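To be precise, the following lines are my_file.cif, and they hold mmCIF, N, CA, C and O atoms.
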data_upload
#
loop_
_atom_site.group_PDB
_atom_site.id
_atom_site.type_symbol
_atom_site.label_atom_id
_atom_site.label_comp_id
_atom_site.auth_asym_id
_atom_site.auth_seq_id
_atom_site.Cartn_x
_atom_site.Cartn_y
_atom_site.Cartn_z
ATOM 1 N N MET A 1 0.841 -1.163 0.000
ATOM 2 C CA MET A 1 0.000 0.000 0.000
ATOM 3 C C MET A 1 0.897 1.241 0.000
ATOM 4 O O MET A 1 1.852 1.319 0.763
ATOM 5 N N LEU A 2 0.589 2.197 -0.853
ATOM 6 C CA LEU A 2 1.336 3.443 -0.890
ATOM 7 C C LEU A 2 0.742 4.419 0.124
ATOM 8 O O LEU A 2 -0.475 4.550 0.230
ATOM 9 N N ILE A 3 1.610 5.077 0.867
ATOM 10 C CA ILE A 3 1.176 6.071 1.850
ATOM 11 C C ILE A 3 1.958 7.359 1.622
ATOM 12 O O ILE A 3 3.048 7.351 1.038
ATOM 13 N N TYR A 4 1.402 8.452 2.078
ATOM 14 C CA TYR A 4 2.095 9.737 1.992
ATOM 15 C C TYR A 4 3.009 9.889 3.199
ATOM 16 O O TYR A 4 2.602 9.650 4.327
ATOM 17 N N LYS A 5 4.236 10.288 2.952
ATOM 18 C CA LYS A 5 5.210 10.503 4.023
ATOM 19 C C LYS A 5 5.070 11.900 4.617
ATOM 20 O O LYS A 5 5.674 12.197 5.638
ATOM 21 N N MET A 6 4.306 12.749 3.954
ATOM 22 C CA MET A 6 4.152 14.132 4.387
ATOM 23 C C MET A 6 2.726 14.577 4.069
ATOM 24 O O MET A 6 2.035 13.935 3.289
ATOM 25 N N ASP A 7 2.313 15.665 4.672
ATOM 26 C CA ASP A 7 1.024 16.264 4.330
ATOM 27 C C ASP A 7 1.261 17.134 3.104
ATOM 28 O O ASP A 7 1.751 18.259 3.196
ATOM 29 N N VAL A 8 0.946 16.580 1.940
ATOM 30 C CA VAL A 8 1.274 17.229 0.677
ATOM 31 C C VAL A 8 0.548 18.552 0.518
ATOM 32 O O VAL A 8 1.151 19.548 0.103
ATOM 33 N N LEU A 9 -0.730 18.597 0.850
ATOM 34 C CA LEU A 9 -1.478 19.851 0.699
ATOM 35 C C LEU A 9 -0.912 20.954 1.589
ATOM 36 O O LEU A 9 -0.830 22.110 1.174
ATOM 37 N N SER A 10 -0.485 20.607 2.799
ATOM 38 C CA SER A 10 0.134 21.605 3.684
ATOM 39 C C SER A 10 1.468 22.079 3.124
ATOM 40 O O SER A 10 1.775 23.275 3.170
ATOM 41 N N ALA A 11 2.252 21.149 2.587
ATOM 42 C CA ALA A 11 3.542 21.514 1.996
ATOM 43 C C ALA A 11 3.339 22.424 0.789
ATOM 44 O O ALA A 11 4.082 23.396 0.610
ATOM 45 N N LEU A 12 2.333 22.123 -0.026
ATOM 46 C CA LEU A 12 2.039 22.986 -1.172
ATOM 47 C C LEU A 12 1.598 24.370 -0.702
ATOM 48 O O LEU A 12 2.035 25.383 -1.253
ATOM 49 N N LYS A 13 0.758 24.401 0.326
ATOM 50 C CA LYS A 13 0.284 25.684 0.859
ATOM 51 C C LYS A 13 1.443 26.511 1.398
ATOM 52 O O LYS A 13 1.507 27.716 1.169
ATOM 53 N N GLU A 14 2.373 25.877 2.110
ATOM 54 C CA GLU A 14 3.550 26.579 2.630
ATOM 55 C C GLU A 14 4.411 27.138 1.506
ATOM 56 O O GLU A 14 5.099 28.133 1.686
ATOM 57 N N SER A 15 4.358 26.497 0.332
ATOM 58 C CA SER A 15 5.122 26.952 -0.830
ATOM 59 C C SER A 15 4.336 27.960 -1.666
ATOM 60 O O SER A 15 4.777 28.352 -2.741
ATOM 61 N N GLY A 16 3.141 28.345 -1.199
ATOM 62 C CA GLY A 16 2.359 29.354 -1.891
ATOM 63 C C GLY A 16 1.318 28.799 -2.855
ATOM 64 O O GLY A 16 0.713 29.558 -3.609
ATOM 65 N N TYR A 17 1.112 27.487 -2.833
ATOM 66 C CA TYR A 17 0.143 26.862 -3.733
ATOM 67 C C TYR A 17 -1.098 26.433 -2.949
ATOM 68 O O TYR A 17 -1.177 25.318 -2.462
ATOM 69 N N THR A 18 -2.051 27.344 -2.813
ATOM 70 C CA THR A 18 -3.311 26.998 -2.161
ATOM 71 C C THR A 18 -4.122 26.118 -3.115
ATOM 72 O O THR A 18 -3.843 26.071 -4.316
ATOM 73 N N THR A 19 -5.133 25.447 -2.581
ATOM 74 C CA THR A 19 -5.958 24.605 -3.453
ATOM 75 C C THR A 19 -6.665 25.453 -4.508
ATOM 76 O O THR A 19 -6.829 25.013 -5.642
ATOM 77 N N THR A 20 -7.033 26.663 -4.167
ATOM 78 C CA THR A 20 -7.659 27.564 -5.140
ATOM 79 C C THR A 20 -6.692 27.877 -6.270
ATOM 80 O O THR A 20 -7.063 27.815 -7.443
ATOM 81 N N ARG A 21 -5.462 28.189 -5.921
ATOM 82 C CA ARG A 21 -4.458 28.483 -6.945
ATOM 83 C C ARG A 21 -4.163 27.251 -7.798
ATOM 84 O O ARG A 21 -4.009 27.367 -9.013
ATOM 85 N N LEU A 22 -4.075 26.081 -7.166
ATOM 86 C CA LEU A 22 -3.807 24.853 -7.913
ATOM 87 C C LEU A 22 -4.883 24.611 -8.962
ATOM 88 O O LEU A 22 -4.582 24.235 -10.100
ATOM 89 N N ARG A 23 -6.143 24.838 -8.582
ATOM 90 C CA ARG A 23 -7.254 24.644 -9.526
ATOM 91 C C ARG A 23 -7.281 25.742 -10.579
ATOM 92 O O ARG A 23 -7.419 25.467 -11.769
ATOM 93 N N LYS A 24 -7.169 26.991 -10.139
ATOM 94 C CA LYS A 24 -7.284 28.140 -11.041
ATOM 95 C C LYS A 24 -6.208 28.125 -12.116
ATOM 96 O O LYS A 24 -6.487 28.395 -13.291
ATOM 97 N N GLU A 25 -4.979 27.811 -11.734
ATOM 98 C CA GLU A 25 -3.871 27.782 -12.686
ATOM 99 C C GLU A 25 -3.723 26.420 -13.359
ATOM 100 O O GLU A 25 -2.776 26.209 -14.112
ATOM 101 N N LYS A 26 -4.660 25.516 -13.058
ATOM 102 C CA LYS A 26 -4.680 24.165 -13.632
ATOM 103 C C LYS A 26 -3.368 23.414 -13.405
ATOM 104 O O LYS A 26 -2.874 22.700 -14.266
ATOM 105 N N LEU A 27 -2.828 23.594 -12.195
ATOM 106 C CA LEU A 27 -1.613 22.880 -11.818
ATOM 107 C C LEU A 27 -1.949 21.456 -11.395
ATOM 108 O O LEU A 27 -1.183 20.530 -11.647
ATOM 109 N N LEU A 28 -3.088 21.288 -10.714
ATOM 110 C CA LEU A 28 -3.609 19.969 -10.337
ATOM 111 C C LEU A 28 -5.125 20.016 -10.491
ATOM 112 O O LEU A 28 -5.745 21.042 -10.222
ATOM 113 N N ASN A 29 -5.709 18.902 -10.899
ATOM 114 C CA ASN A 29 -7.166 18.897 -11.034
ATOM 115 C C ASN A 29 -7.825 18.552 -9.696
ATOM 116 O O ASN A 29 -7.169 18.129 -8.749
ATOM 117 N N GLU A 30 -9.125 18.743 -9.657
ATOM 118 C CA GLU A 30 -9.873 18.547 -8.417
ATOM 119 C C GLU A 30 -9.775 17.117 -7.900
ATOM 120 O O GLU A 30 -9.679 16.892 -6.697
ATOM 121 N N SER A 31 -9.771 16.142 -8.808
ATOM 122 C CA SER A 31 -9.707 14.749 -8.349
ATOM 123 C C SER A 31 -8.370 14.456 -7.674
ATOM 124 O O SER A 31 -8.318 13.733 -6.680
ATOM 125 N N ALA A 32 -7.270 15.020 -8.157
ATOM 126 C CA ALA A 32 -5.967 14.823 -7.523
ATOM 127 C C ALA A 32 -5.953 15.442 -6.128
ATOM 128 O O ALA A 32 -5.445 14.842 -5.173
ATOM 129 N N ILE A 33 -6.539 16.617 -5.999
ATOM 130 C CA ILE A 33 -6.606 17.283 -4.696
ATOM 131 C C ILE A 33 -7.450 16.451 -3.729
ATOM 132 O O ILE A 33 -7.063 16.242 -2.572
ATOM 133 N N GLN A 34 -8.567 15.928 -4.212
ATOM 134 C CA GLN A 34 -9.437 15.115 -3.372
ATOM 135 C C GLN A 34 -8.747 13.808 -2.976
ATOM 136 O O GLN A 34 -8.864 13.361 -1.834
ATOM 137 N N TYR A 35 -8.013 13.187 -3.899
ATOM 138 C CA TYR A 35 -7.273 11.959 -3.584
ATOM 139 C C TYR A 35 -6.284 12.209 -2.448
ATOM 140 O O TYR A 35 -6.139 11.394 -1.549
ATOM 141 N N MET A 36 -5.589 13.340 -2.488
ATOM 142 C CA MET A 36 -4.632 13.646 -1.425
ATOM 143 C C MET A 36 -5.338 13.845 -0.092
ATOM 144 O O MET A 36 -4.846 13.398 0.935
ATOM 145 N N ARG A 37 -6.490 14.505 -0.112
ATOM 146 C CA ARG A 37 -7.253 14.708 1.124
ATOM 147 C C ARG A 37 -7.665 13.377 1.739
ATOM 148 O O ARG A 37 -7.689 13.227 2.951
ATOM 149 N N GLU A 38 -7.991 12.411 0.876
ATOM 150 C CA GLU A 38 -8.462 11.106 1.331
ATOM 151 C C GLU A 38 -7.322 10.116 1.581
ATOM 152 O O GLU A 38 -7.560 9.002 2.024
ATOM 153 N N GLY A 39 -6.088 10.518 1.276
ATOM 154 C CA GLY A 39 -4.943 9.638 1.480
ATOM 155 C C GLY A 39 -4.799 8.561 0.420
ATOM 156 O O GLY A 39 -4.072 7.594 0.619
ATOM 157 N N LYS A 40 -5.477 8.728 -0.705
ATOM 158 C CA LYS A 40 -5.388 7.765 -1.795
ATOM 159 C C LYS A 40 -4.154 8.068 -2.651
ATOM 160 O O LYS A 40 -3.756 9.230 -2.777
ATOM 161 N N PRO A 41 -3.546 7.046 -3.255
ATOM 162 C CA PRO A 41 -2.369 7.286 -4.086
ATOM 163 C C PRO A 41 -2.726 8.004 -5.385
ATOM 164 O O PRO A 41 -3.817 7.808 -5.937
ATOM 165 N N LEU A 42 -1.814 8.826 -5.841
ATOM 166 C CA LEU A 42 -1.976 9.569 -7.083
ATOM 167 C C LEU A 42 -1.348 8.812 -8.239
ATOM 168 O O LEU A 42 -0.450 7.992 -8.048
ATOM 169 N N GLY A 43 -1.770 9.153 -9.426
ATOM 170 C CA GLY A 43 -1.153 8.615 -10.629
ATOM 171 C C GLY A 43 0.157 9.324 -10.913
ATOM 172 O O GLY A 43 0.531 10.286 -10.226
ATOM 173 N N PRO A 44 0.863 8.895 -11.940
ATOM 174 C CA PRO A 44 2.175 9.467 -12.223
ATOM 175 C C PRO A 44 2.154 10.925 -12.667
ATOM 176 O O PRO A 44 3.074 11.681 -12.349
ATOM 177 N N ILE A 45 1.121 11.355 -13.361
ATOM 178 C CA ILE A 45 1.097 12.740 -13.858
ATOM 179 C C ILE A 45 0.941 13.742 -12.718
ATOM 180 O O ILE A 45 1.746 14.679 -12.609
ATOM 181 N N PRO A 46 -0.065 13.596 -11.818
ATOM 182 C CA PRO A 46 -0.126 14.552 -10.711
ATOM 183 C C PRO A 46 1.055 14.426 -9.753
ATOM 184 O O PRO A 46 1.526 15.432 -9.209
ATOM 185 N N LEU A 47 1.568 13.218 -9.564
ATOM 186 C CA LEU A 47 2.736 13.051 -8.694
ATOM 187 C C LEU A 47 3.939 13.794 -9.283
ATOM 188 O O LEU A 47 4.684 14.458 -8.562
ATOM 189 N N ASN A 48 4.106 13.714 -10.581
ATOM 190 C CA ASN A 48 5.179 14.435 -11.259
ATOM 191 C C ASN A 48 5.035 15.942 -11.055
ATOM 192 O O ASN A 48 6.013 16.643 -10.769
ATOM 193 N N GLN A 49 3.803 16.435 -11.170
ATOM 194 C CA GLN A 49 3.550 17.870 -10.995
ATOM 195 C C GLN A 49 3.863 18.308 -9.567
ATOM 196 O O GLN A 49 4.459 19.355 -9.347
ATOM 197 N N ILE A 50 3.477 17.510 -8.596
ATOM 198 C CA ILE A 50 3.760 17.830 -7.191
ATOM 199 C C ILE A 50 5.268 17.850 -6.952
ATOM 200 O O ILE A 50 5.781 18.744 -6.278
ATOM 201 N N CYS A 51 5.973 16.874 -7.501
ATOM 202 C CA CYS A 51 7.432 16.839 -7.359
ATOM 203 C C CYS A 51 8.049 18.108 -7.930
ATOM 204 O O CYS A 51 8.969 18.685 -7.345
ATOM 205 N N LYS A 52 7.537 18.550 -9.066
ATOM 206 C CA LYS A 52 8.050 19.765 -9.695
ATOM 207 C C LYS A 52 7.752 20.990 -8.836
ATOM 208 O O LYS A 52 8.640 21.818 -8.600
ATOM 209 N N LEU A 53 6.524 21.099 -8.329
ATOM 210 C CA LEU A 53 6.138 22.266 -7.533
ATOM 211 C C LEU A 53 6.898 22.344 -6.217
ATOM 212 O O LEU A 53 7.264 23.439 -5.769
ATOM 213 N N LEU A 54 7.145 21.191 -5.598
ATOM 214 C CA LEU A 54 7.812 21.168 -4.290
ATOM 215 C C LEU A 54 9.321 20.933 -4.398
ATOM 216 O O LEU A 54 10.011 20.956 -3.378
ATOM 217 N N ASP A 55 9.807 20.672 -5.611
ATOM 218 C CA ASP A 55 11.226 20.347 -5.834
ATOM 219 C C ASP A 55 11.641 19.166 -4.951
ATOM 220 O O ASP A 55 12.584 19.233 -4.174
ATOM 221 N N LYS A 56 10.867 18.086 -5.058
ATOM 222 C CA LYS A 56 11.100 16.857 -4.283
ATOM 223 C C LYS A 56 11.144 15.664 -5.218
ATOM 224 O O LYS A 56 10.671 15.722 -6.344
ATOM 225 N N GLN A 57 11.676 14.558 -4.720
ATOM 226 C CA GLN A 57 11.656 13.282 -5.417
ATOM 227 C C GLN A 57 10.408 12.513 -4.974
ATOM 228 O O GLN A 57 9.913 12.725 -3.862
ATOM 229 N N PRO A 58 9.892 11.594 -5.817
ATOM 230 C CA PRO A 58 8.711 10.824 -5.410
ATOM 231 C C PRO A 58 8.893 10.115 -4.065
ATOM 232 O O PRO A 58 7.967 10.047 -3.266
ATOM 233 N N GLY A 59 10.092 9.623 -3.792
ATOM 234 C CA GLY A 59 10.362 8.942 -2.536
ATOM 235 C C GLY A 59 10.306 9.860 -1.323
ATOM 236 O O GLY A 59 10.192 9.391 -0.192
ATOM 237 N N ASP A 60 10.380 11.170 -1.542
ATOM 238 C CA ASP A 60 10.221 12.134 -0.449
ATOM 239 C C ASP A 60 8.749 12.305 -0.082
ATOM 240 O O ASP A 60 8.423 12.752 1.012
ATOM 241 N N ILE A 61 7.862 11.943 -1.013
ATOM 242 C CA ILE A 61 6.437 12.196 -0.861
ATOM 243 C C ILE A 61 5.663 10.934 -0.496
ATOM 244 O O ILE A 61 4.769 10.972 0.347
ATOM 245 N N ILE A 62 5.995 9.812 -1.129
ATOM 246 C CA ILE A 62 5.259 8.573 -0.893
ATOM 247 C C ILE A 62 6.206 7.454 -0.472
ATOM 248 O O ILE A 62 7.409 7.510 -0.730
ATOM 249 N N ALA A 63 5.633 6.462 0.176
ATOM 250 C CA ALA A 63 6.386 5.277 0.605
ATOM 251 C C ALA A 63 5.493 4.050 0.461
ATOM 252 O O ALA A 63 4.266 4.166 0.478
ATOM 253 N N TYR A 64 6.119 2.900 0.352
ATOM 254 C CA TYR A 64 5.372 1.645 0.307
ATOM 255 C C TYR A 64 5.351 1.032 1.693
ATOM 256 O O TYR A 64 6.375 0.928 2.354
ATOM 257 N N ARG A 65 4.162 0.626 2.114
ATOM 258 C CA ARG A 65 4.004 -0.069 3.394
ATOM 259 C C ARG A 65 3.220 -1.341 3.121
ATOM 260 O O ARG A 65 2.127 -1.288 2.553
ATOM 261 N N PRO A 66 3.757 -2.496 3.501
ATOM 262 C CA PRO A 66 3.022 -3.748 3.271
ATOM 263 C C PRO A 66 1.676 -3.713 3.992
ATOM 264 O O PRO A 66 1.560 -3.148 5.079
ATOM 265 N N ASP A 67 0.678 -4.329 3.385
ATOM 266 C CA ASP A 67 -0.659 -4.392 3.982
ATOM 267 C C ASP A 67 -0.678 -5.214 5.243
ATOM 268 O O ASP A 67 -0.050 -6.143 5.461
#
Structure encoded using structure tokens:
Amino acid sequence: MLIYKMDVLSALKESGYTTTRLRKEKLLNESAIQYMREGKPLGPIPLNQICKLLDKQPGDIIAYRPD
């Protein structure tokens, strides 16, 4: 099971990317934002965008935990 190692939405907000800005500038779509709120794993495209916005590697954001 993939889990988030950090609160991604809080990290984005600290970097100046509020959910309103993410939607308005089409940086992330609503379903990606909702998936993060629910702790569900993201696909490669939104994960790539988050890595770019936060200047992080995927391993800094998500981890694998056995069920």
Legend entry - Counting only N, CA, C and O atoms, the option among A:Leu12, A:Met1, A:Leu27, A:Leu22 closest to A:Pro41: A:Met1
Inset, instruction - Find the residues near A:Ala32: any atom within 8 Å, counting only C-alpha atoms, skip ones fewer than 4 places away on the same chain, and give them as a PyMOL selection string. - result: chain A and resi 28+36+42+46
Inset, instruction - Might you spell out which residues the PyMOL selection byres (((chain A and resi 40 and name CA) around 12) and name CA) would select in the displayed file, as a list in words? - result: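 Taken over the shown coordinates, the PyMOL selection byres (((chain A and resi 40 and name CA) around 12) and name CA) returns Met1, Leu2, Ile3, Tyr4, Val8, Ser31, Ala32, Ile33, Gln34, Tyr35, Met36, Arg37, Glu38, Gly39, Pro41, Leu42, Gly43, Leu47 and Ile62 of chain A.
The gap separating atom C of A:Gly59 from atom N of A:Met6 is 8.5 Å, in Å to one decimal.
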Enclose stretch 42-54 of chain A, meaning all of its atoms listed in the file, in a box aligned along x, y and z, pad it by 8 Å on each side, and list the centre and edge lengths in Å to one decimal, as lines of an AutoDock Vina configuration file.
center_x = 4.0
center_y = 15.7
center_z = -8.6
size_x = 28.0
size_y = 31.4
size_z = 26.5
Inset, instruction - Select from chain A everything DSSP, run on the backbone, classes as strand (DSSP E), then give the selection as a ChimeraX atom specification. - result: /A:2-4,62-64
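Distances to A:Leu54 were evaluated for A:Thr20, A:Ser15, A:Lys26, A:Pro66 using only N, CA, C and O atoms, and the minimum falls at A:Ser15.
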Write a file for stretch 22-56 of chain A of the given structure; include N, CA and C atoms and format it as a short mmCIF file (atom, residue, chain, number, x, y, z; two decimals), in the first residue's frame.
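This went into out-v4.cif:
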data_model
loop_
_atom_site.label_atom_id
_atom_site.label_comp_id
_atom_site.auth_asym_id
_atom_site.auth_seq_id
_atom_site.Cartn_x
_atom_site.Cartn_y
_atom_site.Cartn_z
N LEU A 22 -4.08 26.08 -7.17
CA LEU A 22 -3.81 24.85 -7.91
C LEU A 22 -4.88 24.61 -8.96
N ARG A 23 -6.14 24.84 -8.58
CA ARG A 23 -7.25 24.64 -9.53
C ARG A 23 -7.28 25.74 -10.58
N LYS A 24 -7.17 26.99 -10.14
CA LYS A 24 -7.28 28.14 -11.04
C LYS A 24 -6.21 28.13 -12.12
N GLU A 25 -4.98 27.81 -11.73
CA GLU A 25 -3.87 27.78 -12.69
C GLU A 25 -3.72 26.42 -13.36
N LYS A 26 -4.66 25.52 -13.06
CA LYS A 26 -4.68 24.17 -13.63
C LYS A 26 -3.37 23.41 -13.40
N LEU A 27 -2.83 23.59 -12.20
CA LEU A 27 -1.61 22.88 -11.82
C LEU A 27 -1.95 21.46 -11.40
N LEU A 28 -3.09 21.29 -10.71
CA LEU A 28 -3.61 19.97 -10.34
C LEU A 28 -5.13 20.02 -10.49
N ASN A 29 -5.71 18.90 -10.90
CA ASN A 29 -7.17 18.90 -11.03
C ASN A 29 -7.82 18.55 -9.70
N GLU A 30 -9.12 18.74 -9.66
CA GLU A 30 -9.87 18.55 -8.42
C GLU A 30 -9.77 17.12 -7.90
N SER A 31 -9.77 16.14 -8.81
CA SER A 31 -9.71 14.75 -8.35
C SER A 31 -8.37 14.46 -7.67
N ALA A 32 -7.27 15.02 -8.16
CA ALA A 32 -5.97 14.82 -7.52
C ALA A 32 -5.95 15.44 -6.13
N ILE A 33 -6.54 16.62 -6.00
CA ILE A 33 -6.61 17.28 -4.70
C ILE A 33 -7.45 16.45 -3.73
N GLN A 34 -8.57 15.93 -4.21
CA GLN A 34 -9.44 15.12 -3.37
C GLN A 34 -8.75 13.81 -2.98
N TYR A 35 -8.01 13.19 -3.90
CA TYR A 35 -7.27 11.96 -3.58
C TYR A 35 -6.28 12.21 -2.45
N MET A 36 -5.59 13.34 -2.49
CA MET A 36 -4.63 13.65 -1.43
C MET A 36 -5.34 13.84 -0.09
N ARG A 37 -6.49 14.51 -0.11
CA ARG A 37 -7.25 14.71 1.12
C ARG A 37 -7.66 13.38 1.74
N GLU A 38 -7.99 12.41 0.88
CA GLU A 38 -8.46 11.11 1.33
C GLU A 38 -7.32 10.12 1.58
N GLY A 39 -6.09 10.52 1.28
CA GLY A 39 -4.94 9.64 1.48
C GLY A 39 -4.80 8.56 0.42
N LYS A 40 -5.48 8.73 -0.71
CA LYS A 40 -5.39 7.76 -1.79
C LYS A 40 -4.15 8.07 -2.65
N PRO A 41 -3.55 7.05 -3.25
CA PRO A 41 -2.37 7.29 -4.09
C PRO A 41 -2.73 8.00 -5.39
N LEU A 42 -1.81 8.83 -5.84
CA LEU A 42 -1.98 9.57 -7.08
C LEU A 42 -1.35 8.81 -8.24
N GLY A 43 -1.77 9.15 -9.43
CA GLY A 43 -1.15 8.61 -10.63
C GLY A 43 0.16 9.32 -10.91
N PRO A 44 0.86 8.89 -11.94
CA PRO A 44 2.17 9.47 -12.22
C PRO A 44 2.15 10.92 -12.67
N ILE A 45 1.12 11.35 -13.36
CA ILE A 45 1.10 12.74 -13.86
C ILE A 45 0.94 13.74 -12.72
N PRO A 46 -0.07 13.60 -11.82
CA PRO A 46 -0.13 14.55 -10.71
C PRO A 46 1.06 14.43 -9.75
N LEU A 47 1.57 13.22 -9.56
CA LEU A 47 2.74 13.05 -8.69
C LEU A 47 3.94 13.79 -9.28
N ASN A 48 4.11 13.71 -10.58
CA ASN A 48 5.18 14.44 -11.26
C ASN A 48 5.03 15.94 -11.06
N GLN A 49 3.80 16.44 -11.17
CA GLN A 49 3.55 17.87 -11.00
C GLN A 49 3.86 18.31 -9.57
N ILE A 50 3.48 17.51 -8.60
CA ILE A 50 3.76 17.83 -7.19
C ILE A 50 5.27 17.85 -6.95
N CYS A 51 5.97 16.87 -7.50
CA CYS A 51 7.43 16.84 -7.36
C CYS A 51 8.05 18.11 -7.93
N LYS A 52 7.54 18.55 -9.07
CA LYS A 52 8.05 19.77 -9.70
C LYS A 52 7.75 20.99 -8.84
N LEU A 53 6.52 21.10 -8.33
CA LEU A 53 6.14 22.27 -7.53
C LEU A 53 6.90 22.34 -6.22
N LEU A 54 7.15 21.19 -5.60
CA LEU A 54 7.81 21.17 -4.29
C LEU A 54 9.32 20.93 -4.40
N ASP A 55 9.81 20.67 -5.61
CA ASP A 55 11.23 20.35 -5.83
C ASP A 55 11.64 19.17 -4.95
N LYS A 56 10.87 18.09 -5.06
CA LYS A 56 11.10 16.86 -4.28
C LYS A 56 11.14 15.66 -5.22
#
